[in-house]
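Source file: final_6.txt; contents: compact mmCIF, C-alpha atoms.
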```txt
# COMPACT_ATOMS: atom_id res chain seq x y z
CA MET A 1 15.45 9.71 -13.19
CA ILE A 2 11.70 10.12 -12.57
CA PHE A 3 10.47 7.09 -10.62
CA ASP A 4 6.93 7.23 -9.22
CA ALA A 5 6.62 5.20 -6.01
CA ASP A 6 2.82 5.22 -5.98
CA ASN A 7 0.96 4.44 -9.19
CA HIS A 8 -2.19 2.33 -9.53
CA TYR A 9 -4.23 0.29 -11.94
CA TYR A 10 -7.94 -0.53 -11.86
CA GLU A 11 -8.38 -4.30 -11.64
CA PRO A 12 -10.71 -6.13 -14.05
CA ASP A 13 -13.29 -8.43 -12.54
CA ASP A 14 -11.27 -11.58 -13.31
CA CYS A 15 -8.15 -10.54 -11.38
CA PHE A 16 -8.86 -13.13 -8.66
CA THR A 17 -10.69 -15.69 -10.81
CA ARG A 18 -8.58 -15.99 -13.97
CA PHE A 19 -6.04 -18.24 -12.24
CA MET A 20 -8.24 -19.63 -9.44
CA PRO A 21 -8.42 -23.45 -9.57
CA PRO A 22 -11.84 -24.37 -11.01
CA GLY A 23 -12.85 -26.39 -7.98
CA LYS A 24 -12.09 -23.43 -5.69
CA MET A 25 -14.08 -20.73 -7.47
CA ASP A 26 -16.45 -20.34 -4.50
CA GLU A 27 -13.45 -19.17 -2.46
CA ALA A 28 -12.56 -16.45 -4.96
CA ILE A 29 -13.08 -12.71 -4.68
CA ARG A 30 -15.67 -12.35 -7.40
CA THR A 31 -18.70 -10.46 -8.66
CA VAL A 32 -22.15 -11.83 -7.89
CA ALA A 33 -25.50 -10.50 -9.06
CA GLY A 34 -27.10 -7.83 -6.87
CA SER A 35 -30.42 -6.06 -6.79
CA GLU A 36 -29.00 -2.58 -7.52
CA TRP A 37 -25.43 -3.18 -8.67
CA PRO A 38 -23.02 -6.12 -8.95
CA HIS A 39 -21.78 -7.07 -5.49
CA VAL A 40 -18.34 -8.40 -4.71
CA HIS A 41 -18.01 -11.36 -2.38
CA VAL A 42 -14.90 -12.61 -0.60
CA GLY A 43 -15.72 -16.28 -0.50
CA ASP A 44 -19.12 -16.29 1.18
CA ARG A 45 -18.70 -12.83 2.77
CA PRO A 46 -19.89 -9.60 1.10
CA PHE A 47 -17.12 -7.10 0.50
CA THR A 48 -18.23 -3.74 1.87
CA PHE A 49 -15.17 -1.51 1.86
CA LEU A 50 -15.51 -0.39 -1.78
CA ARG A 51 -18.99 -0.22 -3.25
CA GLU A 52 -18.22 -0.91 -6.93
CA PRO A 53 -14.57 -2.00 -7.17
CA PHE A 54 -14.98 -3.47 -10.68
CA SER A 55 -16.87 -0.51 -12.12
CA ASP A 56 -16.23 0.56 -15.72
CA THR A 57 -16.28 4.21 -14.62
CA HIS A 58 -14.11 6.07 -12.15
CA VAL A 59 -13.37 9.56 -10.93
CA LYS A 60 -10.88 11.39 -13.15
CA PRO A 61 -7.32 11.60 -11.79
CA GLY A 62 -6.98 14.44 -9.30
CA SER A 63 -10.71 15.25 -9.34
CA LEU A 64 -11.81 14.27 -5.83
CA ARG A 65 -12.81 17.79 -4.77
CA GLU A 66 -14.69 18.38 -8.02
CA MET A 67 -16.57 15.10 -7.60
CA LEU A 68 -17.55 15.94 -4.01
CA ARG A 69 -18.69 19.44 -4.99
CA ASN A 70 -20.88 18.02 -7.72
CA LEU A 71 -22.36 15.42 -5.40
CA LYS A 72 -23.13 18.14 -2.84
CA SER A 73 -24.94 20.13 -5.54
CA GLY A 74 -27.28 17.19 -6.10
CA LYS A 75 -25.86 15.85 -9.36
CA THR A 76 -26.13 12.11 -9.87
CA ALA A 77 -23.11 9.99 -10.79
CA GLU A 78 -24.22 10.06 -14.43
CA GLU A 79 -24.37 13.89 -14.38
CA ASN A 80 -21.05 14.33 -12.60
CA PRO A 81 -18.38 15.63 -15.05
CA ALA A 82 -15.64 14.35 -12.74
CA ILE A 83 -16.58 10.75 -13.61
CA GLU A 84 -15.41 9.10 -16.82
CA PRO A 85 -15.07 5.60 -18.30
CA VAL A 86 -12.00 3.64 -17.24
CA GLN A 87 -9.22 4.57 -19.64
CA ALA A 88 -7.06 1.99 -21.44
CA PRO A 89 -3.81 2.87 -19.59
CA TYR A 90 -5.42 1.94 -16.29
CA ARG A 91 -5.97 -1.65 -17.39
CA ASN A 92 -3.52 -2.23 -20.22
CA ARG A 93 0.23 -2.42 -19.86
CA GLU A 94 1.22 -1.22 -23.34
CA ALA A 95 -1.17 1.72 -23.13
CA ARG A 96 0.26 2.56 -19.72
CA LEU A 97 3.82 2.57 -21.02
CA ALA A 98 2.77 4.99 -23.76
CA LEU A 99 1.11 7.24 -21.17
CA MET A 100 4.21 7.09 -18.96
CA ASP A 101 6.25 8.31 -21.92
CA GLU A 102 3.88 11.26 -22.30
CA GLN A 103 4.08 11.98 -18.55
CA GLY A 104 7.87 11.81 -18.51
CA LEU A 105 7.97 8.87 -16.09
CA ASP A 106 10.96 6.58 -16.43
CA ALA A 107 9.52 3.98 -14.06
CA ALA A 108 6.63 3.43 -11.67
CA VAL A 109 5.67 1.12 -8.85
CA LEU A 110 2.10 -0.06 -9.45
CA PHE A 111 -0.23 -0.99 -6.61
CA PRO A 112 -3.76 -2.43 -6.68
CA THR A 113 -6.88 -0.38 -6.12
CA LEU A 114 -9.04 -3.21 -4.78
CA ALA A 115 -6.59 -5.90 -3.70
CA VAL A 116 -4.97 -3.94 -0.86
CA CYS A 117 -8.40 -3.79 0.78
CA VAL A 118 -9.52 -7.44 0.80
CA GLU A 119 -7.35 -9.31 3.30
CA HIS A 120 -9.34 -8.09 6.30
CA PHE A 121 -12.36 -9.96 4.91
CA MET A 122 -10.39 -13.25 4.93
CA LYS A 123 -8.48 -12.80 8.17
CA ASN A 124 -9.88 -15.95 9.80
CA ASN A 125 -9.45 -18.18 6.75
CA PRO A 126 -5.79 -18.77 5.75
CA GLU A 127 -6.70 -21.21 2.95
CA ARG A 128 -8.99 -18.66 1.30
CA THR A 129 -6.39 -15.94 1.80
CA TYR A 130 -3.61 -17.80 0.01
CA LEU A 131 -5.84 -19.07 -2.77
CA ASN A 132 -6.75 -15.47 -3.57
CA VAL A 133 -3.27 -14.03 -2.99
CA HIS A 134 -1.73 -16.57 -5.34
CA ALA A 135 -4.42 -16.20 -8.00
CA PHE A 136 -4.01 -12.43 -7.86
CA ASN A 137 -0.22 -12.57 -8.12
CA GLU A 138 -0.50 -14.83 -11.16
CA TRP A 139 -2.88 -12.33 -12.76
CA LEU A 140 -0.58 -9.43 -11.84
CA TYR A 141 2.43 -11.12 -13.41
CA ASP A 142 0.37 -11.96 -16.51
CA ASP A 143 -1.06 -8.47 -17.06
CA TRP A 144 1.59 -6.10 -15.63
CA GLY A 145 4.75 -8.00 -14.71
CA PHE A 146 7.07 -7.53 -11.75
CA GLY A 147 9.54 -5.14 -13.36
CA ALA A 148 11.58 -7.14 -15.86
CA ASP A 149 11.50 -4.13 -18.19
CA ASP A 150 12.77 -1.78 -15.44
CA ARG A 151 9.73 0.43 -16.02
CA ILE A 152 6.55 -1.05 -14.54
CA TYR A 153 7.00 -2.76 -11.20
CA GLY A 154 3.85 -4.60 -10.21
CA VAL A 155 3.88 -5.29 -6.47
CA PRO A 156 2.74 -8.81 -5.49
CA LEU A 157 0.68 -9.36 -2.37
CA MET A 158 1.95 -11.26 0.66
CA SER A 159 0.35 -12.46 3.90
CA LEU A 160 1.86 -14.04 7.00
CA LEU A 161 -1.23 -15.90 8.21
CA ASP A 162 0.52 -19.21 7.45
CA LEU A 163 4.32 -19.38 7.40
CA ASP A 164 4.72 -22.26 4.95
CA ALA A 165 2.22 -20.78 2.51
CA ALA A 166 3.87 -17.36 2.83
CA ILE A 167 7.30 -18.79 1.99
CA ALA A 168 5.88 -20.71 -0.98
CA GLU A 169 4.26 -17.54 -2.33
CA LEU A 170 7.46 -15.59 -1.77
CA GLU A 171 9.44 -18.14 -3.77
CA PHE A 172 6.84 -17.95 -6.55
CA VAL A 173 7.26 -14.19 -6.99
CA LEU A 174 11.06 -14.29 -6.55
CA GLU A 175 11.33 -16.83 -9.37
CA ARG A 176 9.55 -14.27 -11.56
CA GLY A 177 11.85 -11.41 -10.65
CA ALA A 178 9.86 -9.45 -8.06
CA LYS A 179 11.73 -6.50 -6.53
CA PHE A 180 8.90 -5.33 -4.23
CA ILE A 181 6.37 -7.15 -2.05
CA HIS A 182 3.34 -5.79 -0.21
CA LEU A 183 2.04 -6.45 3.29
CA ARG A 184 -0.93 -4.59 4.72
CA PRO A 185 -0.05 -2.40 7.72
CA GLY A 186 -1.09 -3.81 11.07
CA PRO A 187 -0.73 -7.15 12.83
CA GLN A 188 -0.35 -10.34 10.84
CA GLY A 189 -2.61 -12.98 12.31
CA ASN A 190 -2.56 -11.30 15.74
CA LYS A 191 1.23 -11.08 15.68
CA ASN A 192 3.75 -8.34 15.07
CA PRO A 193 5.08 -8.79 11.52
CA ALA A 194 8.54 -8.81 13.15
CA ASP A 195 7.59 -11.74 15.42
CA LEU A 196 10.39 -14.29 15.66
CA SER A 197 8.10 -17.01 14.31
CA PHE A 198 8.18 -15.29 10.91
CA ASP A 199 12.00 -15.28 10.70
CA PRO A 200 12.25 -18.00 7.98
CA PHE A 201 10.16 -15.79 5.69
CA TRP A 202 12.16 -12.66 6.47
CA GLU A 203 15.49 -14.47 6.06
CA ARG A 204 14.56 -15.16 2.44
CA VAL A 205 13.42 -11.55 1.94
CA ASN A 206 16.69 -10.35 3.45
CA GLU A 207 18.70 -12.64 1.17
CA ALA A 208 16.84 -11.30 -1.88
CA LYS A 209 17.16 -7.67 -0.67
CA LEU A 210 13.54 -6.91 -1.45
CA MET A 211 11.74 -3.66 -0.80
CA VAL A 212 8.81 -4.29 1.57
CA CYS A 213 5.87 -1.99 0.88
CA PHE A 214 3.18 -1.07 3.37
CA HIS A 215 0.56 0.70 1.26
CA ILE A 216 -2.49 2.11 3.01
CA SER A 217 -4.98 -0.73 3.30
CA GLU A 218 -8.12 -1.86 5.04
CA SER A 219 -6.20 -3.02 8.11
CA GLY A 220 -9.32 -3.88 10.07
CA TYR A 221 -8.84 -1.31 12.81
CA ASN A 222 -12.45 -0.13 12.62
CA GLU A 223 -13.68 -3.62 13.49
CA MET A 224 -10.84 -4.21 15.93
CA LEU A 225 -10.92 -0.89 17.80
CA SER A 226 -13.49 1.69 16.70
CA VAL A 227 -16.42 -0.49 17.77
CA HIS A 228 -15.32 0.09 21.37
CA TRP A 229 -16.06 3.78 20.77
CA GLY A 230 -19.52 3.11 19.37
CA GLU A 231 -18.51 3.22 15.68
CA ASP A 232 -19.58 0.92 12.85
CA PRO A 233 -17.26 -2.09 12.41
CA ASN A 234 -16.96 -2.21 8.61
CA PRO A 235 -18.20 0.97 6.93
CA PRO A 236 -17.49 1.60 3.25
CA SER A 237 -14.29 3.57 2.79
CA HIS A 238 -15.82 6.98 2.13
CA GLU A 239 -18.58 6.49 4.70
CA GLN A 240 -16.14 6.24 7.59
CA SER A 241 -16.76 8.84 10.27
CA ALA A 242 -14.27 11.67 10.72
CA PHE A 243 -13.34 10.01 14.01
CA GLN A 244 -12.55 6.76 12.20
CA TRP A 245 -10.52 8.52 9.52
CA THR A 246 -8.51 10.32 12.21
CA SER A 247 -8.02 7.59 14.77
CA PHE A 248 -8.27 4.16 13.16
CA TYR A 249 -7.61 4.30 9.42
CA GLY A 250 -4.22 5.21 7.96
CA ASP A 251 -1.97 6.74 10.60
CA LEU A 252 -2.44 4.26 13.45
CA PRO A 253 -1.76 1.04 11.49
CA ILE A 254 1.43 2.31 9.84
CA MET A 255 2.75 3.89 13.05
CA GLN A 256 2.26 0.66 14.96
CA THR A 257 3.75 -1.40 12.13
CA LEU A 258 6.94 0.64 11.89
CA SER A 259 7.44 0.95 15.64
CA GLY A 260 6.76 -2.78 15.93
CA LEU A 261 9.48 -3.52 13.40
CA ILE A 262 11.97 -1.14 14.98
CA PHE A 263 11.40 -2.15 18.62
CA HIS A 264 11.56 -5.86 17.75
CA ASN A 265 15.00 -5.20 16.26
CA PHE A 266 13.78 -6.24 12.82
CA PHE A 267 16.37 -4.18 10.97
CA GLY A 268 19.15 -5.34 13.27
CA ARG A 269 18.26 -8.92 12.43
CA PHE A 270 17.61 -8.33 8.72
CA PRO A 271 19.94 -5.53 7.62
CA ASN A 272 19.26 -5.89 3.88
CA ILE A 273 15.53 -5.18 4.13
CA ARG A 274 14.22 -1.69 3.40
CA VAL A 275 10.63 -0.63 4.03
CA MET A 276 8.41 1.77 2.07
CA SER A 277 5.38 3.49 3.57
CA VAL A 278 3.14 4.34 0.62
CA GLU A 279 0.03 6.53 0.64
CA ASN A 280 -0.08 6.63 4.43
CA GLY A 281 0.75 10.32 4.41
CA SER A 282 3.47 11.75 6.65
CA LEU A 283 1.81 13.85 9.38
CA TRP A 284 2.63 11.08 11.85
CA VAL A 285 6.36 10.84 11.01
CA PRO A 286 7.79 13.54 13.35
CA TYR A 287 5.61 12.41 16.24
CA LEU A 288 6.56 8.75 15.82
CA MET A 289 10.27 9.46 15.59
CA ASP A 290 10.26 11.62 18.73
CA ALA A 291 7.96 9.27 20.64
CA MET A 292 10.08 6.20 19.88
CA ASP A 293 13.24 7.94 21.07
CA LYS A 294 11.56 8.87 24.34
CA MET A 295 9.81 5.56 24.93
CA LYS A 296 12.92 3.49 24.29
CA GLY A 297 14.20 4.90 27.56
CA MET A 298 10.89 4.38 29.32
CA GLY A 299 10.85 0.75 28.24
CA ARG A 300 14.48 -0.04 28.92
CA ASN A 301 13.56 -2.63 31.58
CA GLY A 302 10.91 -4.34 29.48
CA PRO A 303 11.38 -7.24 27.06
CA TRP A 304 13.38 -6.81 23.84
CA ARG A 305 11.83 -9.62 21.85
CA GLY A 306 14.16 -9.47 18.87
CA GLY A 307 17.19 -8.29 20.82
CA TYR A 308 18.13 -4.90 22.18
CA VAL A 309 17.83 -2.02 19.70
CA SER A 310 21.10 -0.14 19.49
CA GLY A 311 21.05 3.64 19.05
CA ARG A 312 18.08 5.90 18.61
CA PRO A 313 14.98 4.41 16.96
CA SER A 314 14.67 7.62 14.93
CA GLU A 315 18.08 6.91 13.41
CA VAL A 316 16.97 3.41 12.43
CA MET A 317 13.97 5.00 10.73
CA ARG A 318 16.20 7.51 8.92
CA GLU A 319 18.22 4.63 7.47
CA LYS A 320 15.72 1.85 6.78
CA VAL A 321 12.30 3.48 6.21
CA PHE A 322 11.26 5.40 3.09
CA VAL A 323 8.10 7.50 3.10
CA SER A 324 5.93 8.51 0.16
CA PRO A 325 3.87 11.45 1.50
CA TYR A 326 0.70 13.02 0.22
CA HIS A 327 1.52 15.75 -2.29
CA GLU A 328 -0.35 18.44 -0.32
CA GLU A 329 1.65 17.93 2.88
CA ASP A 330 4.70 19.89 4.06
CA ILE A 331 7.26 17.71 2.33
CA ILE A 332 10.08 20.18 2.94
CA ALA A 333 9.59 19.85 6.71
CA LEU A 334 9.39 16.07 6.31
CA SER A 335 12.68 16.07 4.41
CA LYS A 336 14.36 17.99 7.19
CA LYS A 337 13.04 15.56 9.80
CA ILE A 338 13.74 12.22 8.15
CA GLY A 339 16.16 13.25 5.41
CA ALA A 340 15.48 13.92 1.73
CA SER A 341 17.05 10.55 0.91
CA GLN A 342 14.14 8.85 2.71
CA VAL A 343 11.34 10.69 0.91
CA LEU A 344 9.84 9.20 -2.25
CA PHE A 345 7.76 10.92 -4.92
CA GLY A 346 4.34 9.26 -5.22
CA SER A 347 1.54 10.70 -7.34
CA ASP A 348 -1.23 8.18 -6.53
CA PHE A 349 -2.11 8.41 -10.23
CA PRO A 350 -4.78 7.79 -11.55
CA HIS A 351 -6.77 7.97 -8.31
CA ALA A 352 -9.09 10.88 -7.62
CA GLU A 353 -7.20 12.01 -4.50
CA GLY A 354 -3.86 11.94 -6.31
CA LEU A 355 -2.29 14.15 -8.95
CA ALA A 356 -3.70 14.45 -12.47
CA VAL A 357 -0.17 15.22 -13.68
CA PRO A 358 2.33 13.11 -11.68
CA GLN A 359 5.30 15.43 -12.08
CA ASP A 360 3.33 18.28 -10.50
CA PHE A 361 4.61 16.71 -7.28
CA ARG A 362 7.80 18.69 -7.84
CA GLU A 363 5.90 21.88 -6.97
CA SER A 364 5.63 20.58 -3.38
CA ILE A 365 9.41 20.38 -3.05
CA ALA A 366 10.43 23.51 -4.97
CA GLY A 367 12.08 24.94 -1.86
CA LEU A 368 14.62 22.12 -1.65
CA SER A 369 17.98 21.98 -3.42
CA GLU A 370 18.07 20.49 -6.91
CA HIS A 371 20.05 17.57 -5.48
CA ASP A 372 17.38 16.79 -2.89
CA GLN A 373 14.59 17.24 -5.42
CA ASN A 374 16.26 14.72 -7.71
CA LEU A 375 16.62 12.23 -4.87
CA ILE A 376 12.94 12.49 -4.06
CA MET A 377 11.71 12.43 -7.67
CA GLY A 378 13.37 9.11 -8.39
CA GLU A 379 17.08 8.79 -7.91
CA THR A 380 16.77 7.24 -4.44
CA LEU A 381 14.22 4.64 -5.51
CA ALA A 382 16.18 3.81 -8.65
CA SER A 383 19.31 3.20 -6.59
CA LEU A 384 17.38 0.96 -4.18
CA VAL A 385 16.00 -1.16 -7.01
```

If you took the structure in this file and wrote it as structure tokens, what would it be?
Amino acid sequence: MIFDADNHYYEPDDCFTRFMPPGKMDEAIRTVAGSEWPHVHVGDRPFTFLREPFSDTHVKPGSLREMLRNLKSGKTAEENPAIEPVQAPYRNREARLALMDEQGLDAAVLFPTLAVCVEHFMKNNPERTYLNVHAFNEWLYDDWGFGADDRIYGVPLMSLLDLDAAIAELEFVLERGAKFIHLRPGPQGNKNPADLSFDPFWERVNEAKLMVCFHISESGYNEMLSVHWGEDPNPPSHEQSAFQWTSFYGDLPIMQTLSGLIFHNFFGRFPNIRVMSVENGSLWVPYLMDAMDKMKGMGRNGPWRGGYVSGRPSEVMREKVFVSPYHEEDIIALSKKIGASQVLFGSDFPHAEGLAVPQDFRESIAGLSEHDQNLIMGETLASLV
């Protein structure tokens, strides 16, 4: 079983507008005319994290280094051989299925390219958030589906800014057969996602035994934290400083999210829920596991907001958390630390920083037993679904 835990599509420019109520179109994430290129607005706010999210060109899969080399040599985007028109399988379900057959993929979990980056720009407007989340999920179901064919599992978006709206959206995707849901890493409306006030939402997720995905996102940590170090609050993704990449984007949001879940006894309260960390890498995993085990003792006399956490936090992580690492990392060491059963193959195809050939991921785990390789390449995820 070859089951890719991290595939992507490139959204068309109507992904938030196709199902937006006509009277609410000004609230939609949409393209507006710009002086140099079409700009994307989130309601009345310019979207700055991705410069051209609805572009008809993109960097070829696995070609990030080639693109950067060509840019450094002075070539324009038009002269850069690493850039090509968006291919049919990246926007068309039937074409994608045909490509998956060629790639030898039995199934894939598909995440957005743009839509995991937009919630930060609506964080103070719950109505706008849920209008766009719902419109997007309708588009996703229409174009890609939620996995009824057991091959392409589109992952619907969720937000916890408003409990009643979150439960309504959850019921909408459950009625259509969703097996995965996505929350951005980081706090939800200034609360831990495991906060007791969210329990009615999580009770329904627990009943449905959904996989909860935390894919790398624009979690807003640059605006929330990096400004206190003199950094820009909302730089475009690839114009973040090295300090921001290291300290505020990626590792910190997912580490805080998982430790927040574990220390608020989330998995003790909701034993049927499993969590996937996708495209957040894995360099942080050994540190977090060791730190949580140590700090549980240091915090023994503090509050246990969801009830006391039994056993070692690292053991909770080894049972309930599944990690899809970057292909260039030391995945063998990761497997020894967290267990091969908790590691998921993710190619990040067709993104530039991912793999051009998804199954090349197996080269990163060639030192493991065939049994462990098979778990990572898809058998674990298939059994969870």

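Distance-wise, CA of Val227 in chain A and CA of Phe49 in chain A end up 16.0 Å apart.
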
Of the residues A:Cys117, A:Ala33, A:Ala178, A:Leu170, which is the one nearest to Pro236 in chain A, using only C-alpha atoms? A:Cys117

Quick one: residues within 12 Å of His264 in chain A, all atoms listed in the file, excluding same-chain residues fewer than 2 positions away - as number ranges by chain? A: 191-196, 199, 256-262, 266-270, 296, 302-310, 313, 316

Taking all atoms of range 187-199 of chain A that the file lists and extending 3 Å past them on each side, where is the centre of the axis-aligned box and how long are its edges? Answer in Å to one decimal, as lines of an AutoDock Vina configuration file.
```
center_x = 4.7
center_y = -12.1
center_z = 13.2
size_x = 20.6
size_y = 15.9
size_z = 11.0
```

Calculate how many Å separate CA of Val116 in chain A from CA of Asp13 in chain A, rounding to one decimal.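 Separating CA of Val116 in chain A from CA of Asp13 in chain A is a distance of 15.0 Å.
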
Which residue, A:Val173, A:Val42, A:Leu50, A:Ala382, has the smallest gap to Pro235 in chain A when you use all atoms listed in the file?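 Going through A:Val173, A:Val42, A:Leu50, A:Ala382 one by one, the smallest distance to Pro235 in chain A is for A:Leu50.
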
Which of these, A:Ile331, A:Ile29, A:Ala88, A:Val40, has the shortest distance to Ile365 in chain A once you count all atoms listed in the file?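 Result for the nearest residue to Ile365 in chain A: A:Ile331.
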
Distance in Å - CA of Glu231 in chain A versus CA of Glu218 in chain A: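 CA of Glu218 in chain A lies 15.7 Å from CA of Glu231 in chain A.
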
Counting only C-alpha atoms, the option among A:Pro126, A:Pro85, A:Pro112, A:Gly297 closest to Lys60 in chain A: A:Pro85

Between range 91-131 of chain A and range 335-359 of chain A, at 12 Å or less, what are the per-residue closest atom pairs and their distances in Å? Count only C-alpha atoms, order by chain and rising residue number, and return it as JSON lines.
```
{"residue": "A:Arg91", "atom": "CA", "partner": "A:Pro350", "partner_atom": "CA", "distance": 11.2}
{"residue": "A:Arg96", "atom": "CA", "partner": "A:Pro350", "partner_atom": "CA", "distance": 10.9}
{"residue": "A:Leu99", "atom": "CA", "partner": "A:Val357", "partner_atom": "CA", "distance": 11.0}
{"residue": "A:Met100", "atom": "CA", "partner": "A:Pro358", "partner_atom": "CA", "distance": 9.6}
{"residue": "A:Asp101", "atom": "CA", "partner": "A:Pro358", "partner_atom": "CA", "distance": 12.0}
{"residue": "A:Glu102", "atom": "CA", "partner": "A:Val357", "partner_atom": "CA", "distance": 10.3}
{"residue": "A:Gln103", "atom": "CA", "partner": "A:Pro358", "partner_atom": "CA", "distance": 7.2}
{"residue": "A:Gly104", "atom": "CA", "partner": "A:Gln359", "partner_atom": "CA", "distance": 7.8}
{"residue": "A:Leu105", "atom": "CA", "partner": "A:Gln359", "partner_atom": "CA", "distance": 8.1}
{"residue": "A:Asp106", "atom": "CA", "partner": "A:Gln359", "partner_atom": "CA", "distance": 11.4}
{"residue": "A:Ala107", "atom": "CA", "partner": "A:Gly346", "partner_atom": "CA", "distance": 11.5}
{"residue": "A:Ala108", "atom": "CA", "partner": "A:Gly346", "partner_atom": "CA", "distance": 9.0}
{"residue": "A:Val109", "atom": "CA", "partner": "A:Gly346", "partner_atom": "CA", "distance": 9.0}
{"residue": "A:Leu110", "atom": "CA", "partner": "A:Asp348", "partner_atom": "CA", "distance": 9.4}
{"residue": "A:Phe111", "atom": "CA", "partner": "A:Asp348", "partner_atom": "CA", "distance": 9.2}
{"residue": "A:Pro112", "atom": "CA", "partner": "A:Asp348", "partner_atom": "CA", "distance": 10.9}
{"residue": "A:Thr113", "atom": "CA", "partner": "A:His351", "partner_atom": "CA", "distance": 8.6}
{"residue": "A:Leu114", "atom": "CA", "partner": "A:His351", "partner_atom": "CA", "distance": 11.9}
```

Between A:Phe263, A:Ser226, A:Lys24, A:Asp44, which is the closest to Ser247 in chain A once you count all atoms listed in the file? A:Ser226

My list of candidates is A:His327, A:Arg318, A:Arg128, A:His58. Which is closest to Tyr10 in chain A when distances are computed with all atoms listed in the file? A:His58

Selection near range 141-146 of chain A, 6 Å with all atoms listed in the file, sequence-local residues under 3 positions removed, as a list of chain:residue names: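 Final neighbour list, sorted by chain and number: A:Arg93, A:Glu138, A:Tyr153, A:Gly154, A:Ala178.
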
Local residues around (14.2, 14.9, -7.8), at most 10 Å away, using only C-alpha atoms, as a ChimeraX atom specification: /A:1-3,340,344-345,359,361-362,365-366,368-380

10 Å contact set for Ala168 in chain A, all atoms listed in the file, chain neighbours under 5 positions out, as a PyMOL selection string: chain A and resi 130+134+163+173-174+201

Within 10 Å of (10.9, 11.7, 14.0) (file coordinates; all atoms listed in the file), which protein or nucleic acid residues are there? I'd like them as a list of chain:residue names.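 Checking each residue against the 10 Å limit leaves A:Trp284, A:Val285, A:Pro286, A:Tyr287, A:Leu288, A:Met289, A:Asp290, A:Ala291, A:Met292, A:Asp293, A:Pro313, A:Ser314, A:Glu315, A:Met317, A:Arg318, A:Leu334, A:Lys336, A:Lys337, A:Ile338.
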
Counting only C-alpha atoms, what is within 9 Å of Asp162 in chain A, bar same-chain residues fewer than 2 positions away, as a ChimeraX atom specification? /A:126-127,130,159-160,164-167,189

Using the structure block above, produce a file of range 219-230 of chain A that contains N, CA and C atoms, as a compact mmCIF listing (two decimals), in the first residue's frame.
```txt
# COMPACT_ATOMS: atom_id res chain seq x y z
N SER A 219 0.66 30.69 10.63
CA SER A 219 0.04 30.68 11.96
C SER A 219 0.07 32.04 12.65
N GLY A 220 0.64 33.03 11.99
CA GLY A 220 0.61 34.38 12.53
C GLY A 220 1.68 34.69 13.57
N TYR A 221 2.67 33.81 13.69
CA TYR A 221 3.67 34.01 14.74
C TYR A 221 4.62 35.16 14.44
N ASN A 222 4.79 35.50 13.15
CA ASN A 222 5.62 36.67 12.85
C ASN A 222 4.98 37.94 13.41
N GLU A 223 3.68 38.09 13.18
CA GLU A 223 2.97 39.26 13.69
C GLU A 223 2.84 39.21 15.21
N MET A 224 2.65 38.00 15.74
CA MET A 224 2.42 37.84 17.17
C MET A 224 3.70 37.98 17.98
N LEU A 225 4.84 37.48 17.45
CA LEU A 225 6.05 37.40 18.24
C LEU A 225 7.27 38.08 17.61
N SER A 226 7.48 37.89 16.31
CA SER A 226 8.75 38.35 15.74
C SER A 226 8.88 39.87 15.74
N VAL A 227 7.74 40.57 15.79
CA VAL A 227 7.80 42.03 15.82
C VAL A 227 8.51 42.53 17.08
N HIS A 228 8.46 41.73 18.15
CA HIS A 228 9.12 42.12 19.39
C HIS A 228 10.64 41.93 19.31
N TRP A 229 11.09 41.39 18.19
CA TRP A 229 12.53 41.26 17.93
C TRP A 229 12.94 42.16 16.76
N GLY A 230 12.05 43.08 16.39
CA GLY A 230 12.38 44.03 15.33
C GLY A 230 12.15 43.52 13.93
```
